[in-house]
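A quick write-up on the structure given underneath.
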Amino acid sequence: MSSYPVRPSPSGSTARAIVLDERALPRRWYNVAADMPRLPEPPLHPATGKPVTPEDLAPIFPRSLIEQEMTTERWIEIPEPVLDIYRLWRPTPLYRAIRLEQALRTPARIYYKYEGTSPAGSHKPNTAVAQAYYNQQEGIRRLATETGAGQWGSALAFACAQFGLACTVYMVKVSYHQKPYRRSLMQVWGAEVHASPTSLTQAGRKVLAESPDSPGSLGIAISEAVEDAATHPDTNYSLGSVLNHVLLHQTVIGLEAREQLALVGEYPDVVIGCVGGGSNFGGLAFPFLMDRLQGRRQVEVLAVEPTACPTLTKGKLRYDFGDTAGLTPLLHMYTLGHTFVPPGIHAGGLRYHGDSPLISRLYEDGLIGARAYPQRAVFEAAIQFARTEGLLPAPESAHAVRAAIDEAVRAREEGLERVILFGLSGHGHFDLGAYDAYLAGQLEDYEYPAELVEQALAALPELPR
Ligand SMILES: *Cc1c(COP(=O)(O)O)cnc(C)c1O
């Protein structure tokens, strides 16, 4: 393997780690809405079908985040107390995957931005910290949220602890029992964690009355958290992906990566990220897309999703609910239908029926490409990555690894010296059960569930006229 020559970057560097000093931390978030050729359609009120107003959202979100959700201002100042917490782990490292390049014998240079160094082990604290801060500033005492596998719940629990806020997490019941260590992590940071459906909310009691053994779902947990926030004046709701302000906060990832690549004289030909609701992908890709939208660079941007939940590659761009119960505003997004329940793949963070409206619009306008992979091919890539680079990817992040490897192999076949950048959104230390299943040959590939998607798409909401 080491016989394959290492190709220096344009600046002559063969560094494996490109690390920025904390003084290089970005001071502003980048808002892609300022540069998009077409903005997303506005969210609609589920009862009236009219665009939601800031007042509609005020019972569950702080004013500052509602403003960020709606603004087209290009740069948003990051408050000093947020920067202060970012400094615990930011800037995150950018690595050159030299040993993976050698194993693949590719002329491509592969870089990855690693978000697994945060306290919660993923990119999610980038927005959790900002959201906790703005809520605390506006006198809120407690945040309520949902979590599937526990990544978002643990990020918010950490952030609330930093700002002295209470945190209530509705955790999907199956995960509550299957992923006890993420639950423990949330409890260590002081959060109250409930297995959803609970008897604490009307939404939960309704589900329990109909099916006492319900394993829960993300949709049910969202309904419970929103109800909790809406019925307690000192409590707000917090969402970890999909919404504009969440993607805005995540742009620190791409802004740093752009600086880091510039240090070694590089600019990516392609930027790759995995997509659940779209926040780590948008956060990495938008600052590069800015260069393209402003006419400075040609860069390709690739979103990667599971074949079991192929929102961009098989879904439709329509108005749909964010939750299963149909309580949230209608978002204009690529969706598989809010009643679609994806197969139980191990990349729990990618099992969402919809996608960020910003990413949906950019995809529709041909500015973003998309590709889907089955989970065995994804784990195969994760293992190759772990054995060469050392880091253990989260199953979600491993989708980006798969695509990066395929791009590097294509570069070899075509004799192209491409520069590939991908996002390694988190580590897989809490996902070893999934790796065990893969190594034991017990992991199944789920085909694209065409019939279920068709049914769910047929159940999309009618818009009031
Ligand atoms: C939650 C999560 C994702 C998916 O969410 P996005 O909003 O699409 O980024 C991806 N990777 C990791 C590690 C996650 O925790």
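How things are named: the first chain in the structure tokens is A, the next is B, and so on; residues count from 1 in each chain; ligands count from 1 in the order shown.
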Note to self: Using only C-alpha atoms and all ligand atoms, which residues have at least one atom no more than 6 Å from ligand 1? Output them as a VMD selection string.
What the structure shows: chain A and resid 122 151 241 275 to 281 349 to 350 394 396 to 397 425 to 426
Check: Near A:Glu192, within 9 Å and counting only C-alpha atoms, which residues show up once chain neighbours fewer than 3 positions away are dropped, as number ranges by chain?
Finding: A: 157, 166-170, 186-187
Using only C-alpha atoms, which residues of stretch 212-291 of chain A come within 7 Å of stretch 399-407 of chain A, and what is the closest atom pair for each, with the distance in Å to one decimal? Give it as JSON lines, sorted by chain and residue number.
{"residue": "A:Ile272", "atom": "CA", "partner": "A:Ala400", "partner_atom": "CA", "distance": 6.0}
{"residue": "A:Gly273", "atom": "CA", "partner": "A:Ala400", "partner_atom": "CA", "distance": 5.1}
{"residue": "A:Cys274", "atom": "CA", "partner": "A:Ala400", "partner_atom": "CA", "distance": 5.1}
Note to self: So, with only C-alpha atoms as the atoms that count, which of A:His123, A:Arg410, A:Arg258, A:His249 lies closest to A:Val271?
What the structure shows: A:Arg258
Next item on the list: Mind the document's chain letters and residue numbers, and return as an NGL selection string the residues of stretch 126-239 of chain A that DSSP labels helix (DSSP H, G or I).
Entry: :A and (126-137 or 151-163 or 173-178 or 180-188 or 202-210 or 218-230)
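Shortest atom-to-atom contact with A:Pro180 among A:Leu302, A:Ala149, A:Leu460, A:Val32: A:Ala149, counting only C-alpha atoms.
The smallest atom-to-atom distance between A:Cys309 and any of A:Asp436, A:Tyr176, A:Val453, A:Leu100, using only C-alpha atoms, is found for A:Val453.
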Item checked: Per-residue DSSP, stretch 126-369 of chain A, filtered to strand (DSSP E), as a VMD selection string -> chain A and resid 142 to 147 166 to 172 192 to 196 235 to 237 270 to 274 300 to 306 316 to 321 330 to 335 369
Restrict the selected residues to N, CA and C atoms and save them as a tab-separated table (two decimals), in the first residue's frame.
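Written output follows (result19.tsv):
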chain	number	residue	atom	x	y	z
A	142	ARG	N	-36.83	26.08	29.64
A	142	ARG	CA	-36.74	24.65	29.32
A	142	ARG	C	-36.95	24.44	27.83
A	143	LEU	N	-36.24	23.49	27.24
A	143	LEU	CA	-36.46	23.11	25.84
A	143	LEU	C	-36.97	21.68	25.78
A	144	ALA	N	-37.93	21.46	24.87
A	144	ALA	CA	-38.46	20.12	24.64
A	144	ALA	C	-38.12	19.71	23.22
A	145	THR	N	-37.76	18.45	23.05
A	145	THR	CA	-37.44	17.97	21.71
A	145	THR	C	-37.69	16.48	21.61
A	146	GLU	N	-37.55	15.96	20.37
A	146	GLU	CA	-37.66	14.52	20.15
A	146	GLU	C	-36.29	14.02	19.73
A	147	THR	N	-36.08	12.72	19.88
A	147	THR	CA	-34.87	12.14	19.32
A	147	THR	C	-35.17	10.71	18.90
A	166	ALA	N	-33.29	23.67	31.43
A	166	ALA	CA	-33.76	22.29	31.56
A	166	ALA	C	-34.04	21.75	30.17
A	167	CYS	N	-34.00	20.43	30.04
A	167	CYS	CA	-34.16	19.81	28.72
A	167	CYS	C	-35.01	18.55	28.86
A	168	THR	N	-36.08	18.47	28.07
A	168	THR	CA	-36.94	17.29	28.09
A	168	THR	C	-36.88	16.63	26.71
A	169	VAL	N	-36.51	15.35	26.70
A	169	VAL	CA	-36.35	14.65	25.43
A	169	VAL	C	-37.36	13.52	25.32
A	170	TYR	N	-38.16	13.54	24.26
A	170	TYR	CA	-39.04	12.43	23.94
A	170	TYR	C	-38.29	11.51	22.99
A	171	MET	N	-37.89	10.36	23.52
A	171	MET	CA	-37.06	9.45	22.73
A	171	MET	C	-37.92	8.28	22.25
A	172	VAL	N	-37.87	8.02	20.96
A	172	VAL	CA	-38.64	6.93	20.35
A	172	VAL	C	-38.43	5.64	21.17
A	192	GLU	N	-34.11	15.25	31.04
A	192	GLU	CA	-35.12	14.28	31.43
A	192	GLU	C	-35.52	13.55	30.15
A	193	VAL	N	-35.39	12.23	30.15
A	193	VAL	CA	-35.64	11.47	28.92
A	193	VAL	C	-36.84	10.56	29.11
A	194	HIS	N	-37.82	10.68	28.21
A	194	HIS	CA	-39.03	9.84	28.27
A	194	HIS	C	-39.10	8.93	27.06
A	195	ALA	N	-39.52	7.69	27.30
A	195	ALA	CA	-39.77	6.77	26.18
A	195	ALA	C	-41.11	7.14	25.55
A	196	SER	N	-41.08	7.56	24.29
A	196	SER	CA	-42.28	8.03	23.61
A	196	SER	C	-42.90	6.92	22.77
A	235	THR	N	-41.49	27.08	28.14
A	235	THR	CA	-40.85	26.01	27.38
A	235	THR	C	-40.97	26.25	25.88
A	236	ASN	N	-39.89	26.05	25.17
A	236	ASN	CA	-39.91	26.11	23.71
A	236	ASN	C	-39.53	24.75	23.14
A	237	TYR	N	-39.74	24.66	21.82
A	237	TYR	CA	-39.44	23.44	21.07
A	237	TYR	C	-38.15	23.68	20.28
A	270	VAL	N	-15.52	18.20	-6.04
A	270	VAL	CA	-16.82	17.69	-5.60
A	270	VAL	C	-16.88	17.71	-4.07
A	271	VAL	N	-18.04	18.12	-3.55
A	271	VAL	CA	-18.30	18.13	-2.10
A	271	VAL	C	-19.43	17.14	-1.84
A	272	ILE	N	-19.20	16.21	-0.90
A	272	ILE	CA	-20.13	15.10	-0.67
A	272	ILE	C	-20.58	15.08	0.79
A	273	GLY	N	-21.86	14.84	1.01
A	273	GLY	CA	-22.34	14.69	2.39
A	273	GLY	C	-23.55	13.78	2.44
A	274	CYS	N	-23.77	13.15	3.61
A	274	CYS	CA	-24.97	12.34	3.79
A	274	CYS	C	-26.13	13.25	4.15
A	300	GLU	N	-19.01	20.71	-7.87
A	300	GLU	CA	-20.12	19.77	-7.91
A	300	GLU	C	-20.49	19.45	-6.46
A	301	VAL	N	-21.77	19.27	-6.20
A	301	VAL	CA	-22.21	19.02	-4.83
A	301	VAL	C	-23.11	17.78	-4.84
A	302	LEU	N	-22.79	16.81	-3.99
A	302	LEU	CA	-23.48	15.52	-4.07
A	302	LEU	C	-24.07	15.11	-2.72
A	303	ALA	N	-25.38	14.90	-2.70
A	303	ALA	CA	-26.09	14.46	-1.49
A	303	ALA	C	-26.25	12.94	-1.54
A	304	VAL	N	-25.99	12.27	-0.41
A	304	VAL	CA	-26.06	10.81	-0.39
A	304	VAL	C	-27.10	10.36	0.64
A	305	GLU	N	-27.95	9.44	0.23
A	305	GLU	CA	-29.03	8.97	1.10
A	305	GLU	C	-29.14	7.44	1.01
A	306	PRO	N	-29.87	6.81	1.96
A	306	PRO	CA	-30.05	5.36	1.90
A	306	PRO	C	-31.11	4.97	0.86
A	316	LYS	N	-40.99	13.24	-4.06
A	316	LYS	CA	-41.57	14.30	-4.87
A	316	LYS	C	-41.45	15.63	-4.14
A	317	LEU	N	-41.30	16.71	-4.90
A	317	LEU	CA	-41.28	18.05	-4.30
A	317	LEU	C	-42.71	18.53	-4.13
A	318	ARG	N	-43.17	18.52	-2.88
A	318	ARG	CA	-44.58	18.84	-2.60
A	318	ARG	C	-44.66	19.48	-1.21
A	319	TYR	N	-45.81	20.07	-0.90
A	319	TYR	CA	-46.06	20.47	0.47
A	319	TYR	C	-46.40	19.24	1.30
A	320	ASP	N	-45.74	19.08	2.46
A	320	ASP	CA	-46.06	17.95	3.33
A	320	ASP	C	-45.79	18.35	4.79
A	321	PHE	N	-46.36	17.58	5.69
A	321	PHE	CA	-46.14	17.81	7.11
A	321	PHE	C	-44.75	17.35	7.53
A	330	LEU	N	-46.88	23.02	6.99
A	330	LEU	CA	-46.57	22.29	5.76
A	330	LEU	C	-45.30	22.87	5.16
A	331	LEU	N	-44.35	22.00	4.90
A	331	LEU	CA	-43.08	22.45	4.31
A	331	LEU	C	-43.02	22.02	2.85
A	332	HIS	N	-42.49	22.91	2.01
A	332	HIS	CA	-42.34	22.58	0.60
A	332	HIS	C	-40.99	21.89	0.44
A	333	MET	N	-41.04	20.58	0.26
A	333	MET	CA	-39.80	19.81	0.30
A	333	MET	C	-39.94	18.51	-0.49
A	334	TYR	N	-38.80	17.91	-0.83
A	334	TYR	CA	-38.85	16.54	-1.34
A	334	TYR	C	-39.31	15.67	-0.19
A	335	THR	N	-40.29	14.81	-0.47
A	335	THR	CA	-40.84	13.99	0.59
A	335	THR	C	-41.26	12.63	0.04
A	369	GLY	N	-26.57	17.38	-6.81
A	369	GLY	CA	-26.85	16.04	-7.31
A	369	GLY	C	-27.19	15.12	-6.14
Next item on the list: Excluding A:Ala97 and any residue of its chain fewer than 4 positions from it, enumerate the residues within 7 Å of it, using only C-alpha atoms, and give them as a list in words.
Entry: Arg16, Glu101, Ile110, Tyr111 and Glu389 of chain A
Spatial neighbours of A:Gly139, 12 Å, only C-alpha atoms, chain gap at least 4 places, as a compact mmCIF listing (two decimals) with C-alpha atoms, in the first residue's frame:
# COMPACT_ATOMS: atom_id res chain seq x y z
CA PHE A 61 -39.69 29.30 18.92
CA PRO A 62 -37.80 32.40 20.12
CA ARG A 63 -38.09 35.58 18.03
CA ALA A 132 -30.07 27.01 23.54
CA TYR A 133 -28.39 30.42 23.63
CA TYR A 134 -31.17 32.33 21.83
CA ASN A 135 -33.85 30.66 23.94
CA LEU A 143 -36.46 23.11 25.84
CA PHE A 163 -26.70 27.58 29.35
CA GLY A 164 -28.48 26.36 32.50
CA LEU A 165 -31.67 25.34 30.71
CA PRO A 233 -45.13 29.26 28.56
CA ASP A 234 -41.58 28.80 29.90
CA THR A 235 -40.85 26.01 27.38
CA ASN A 236 -39.91 26.11 23.71
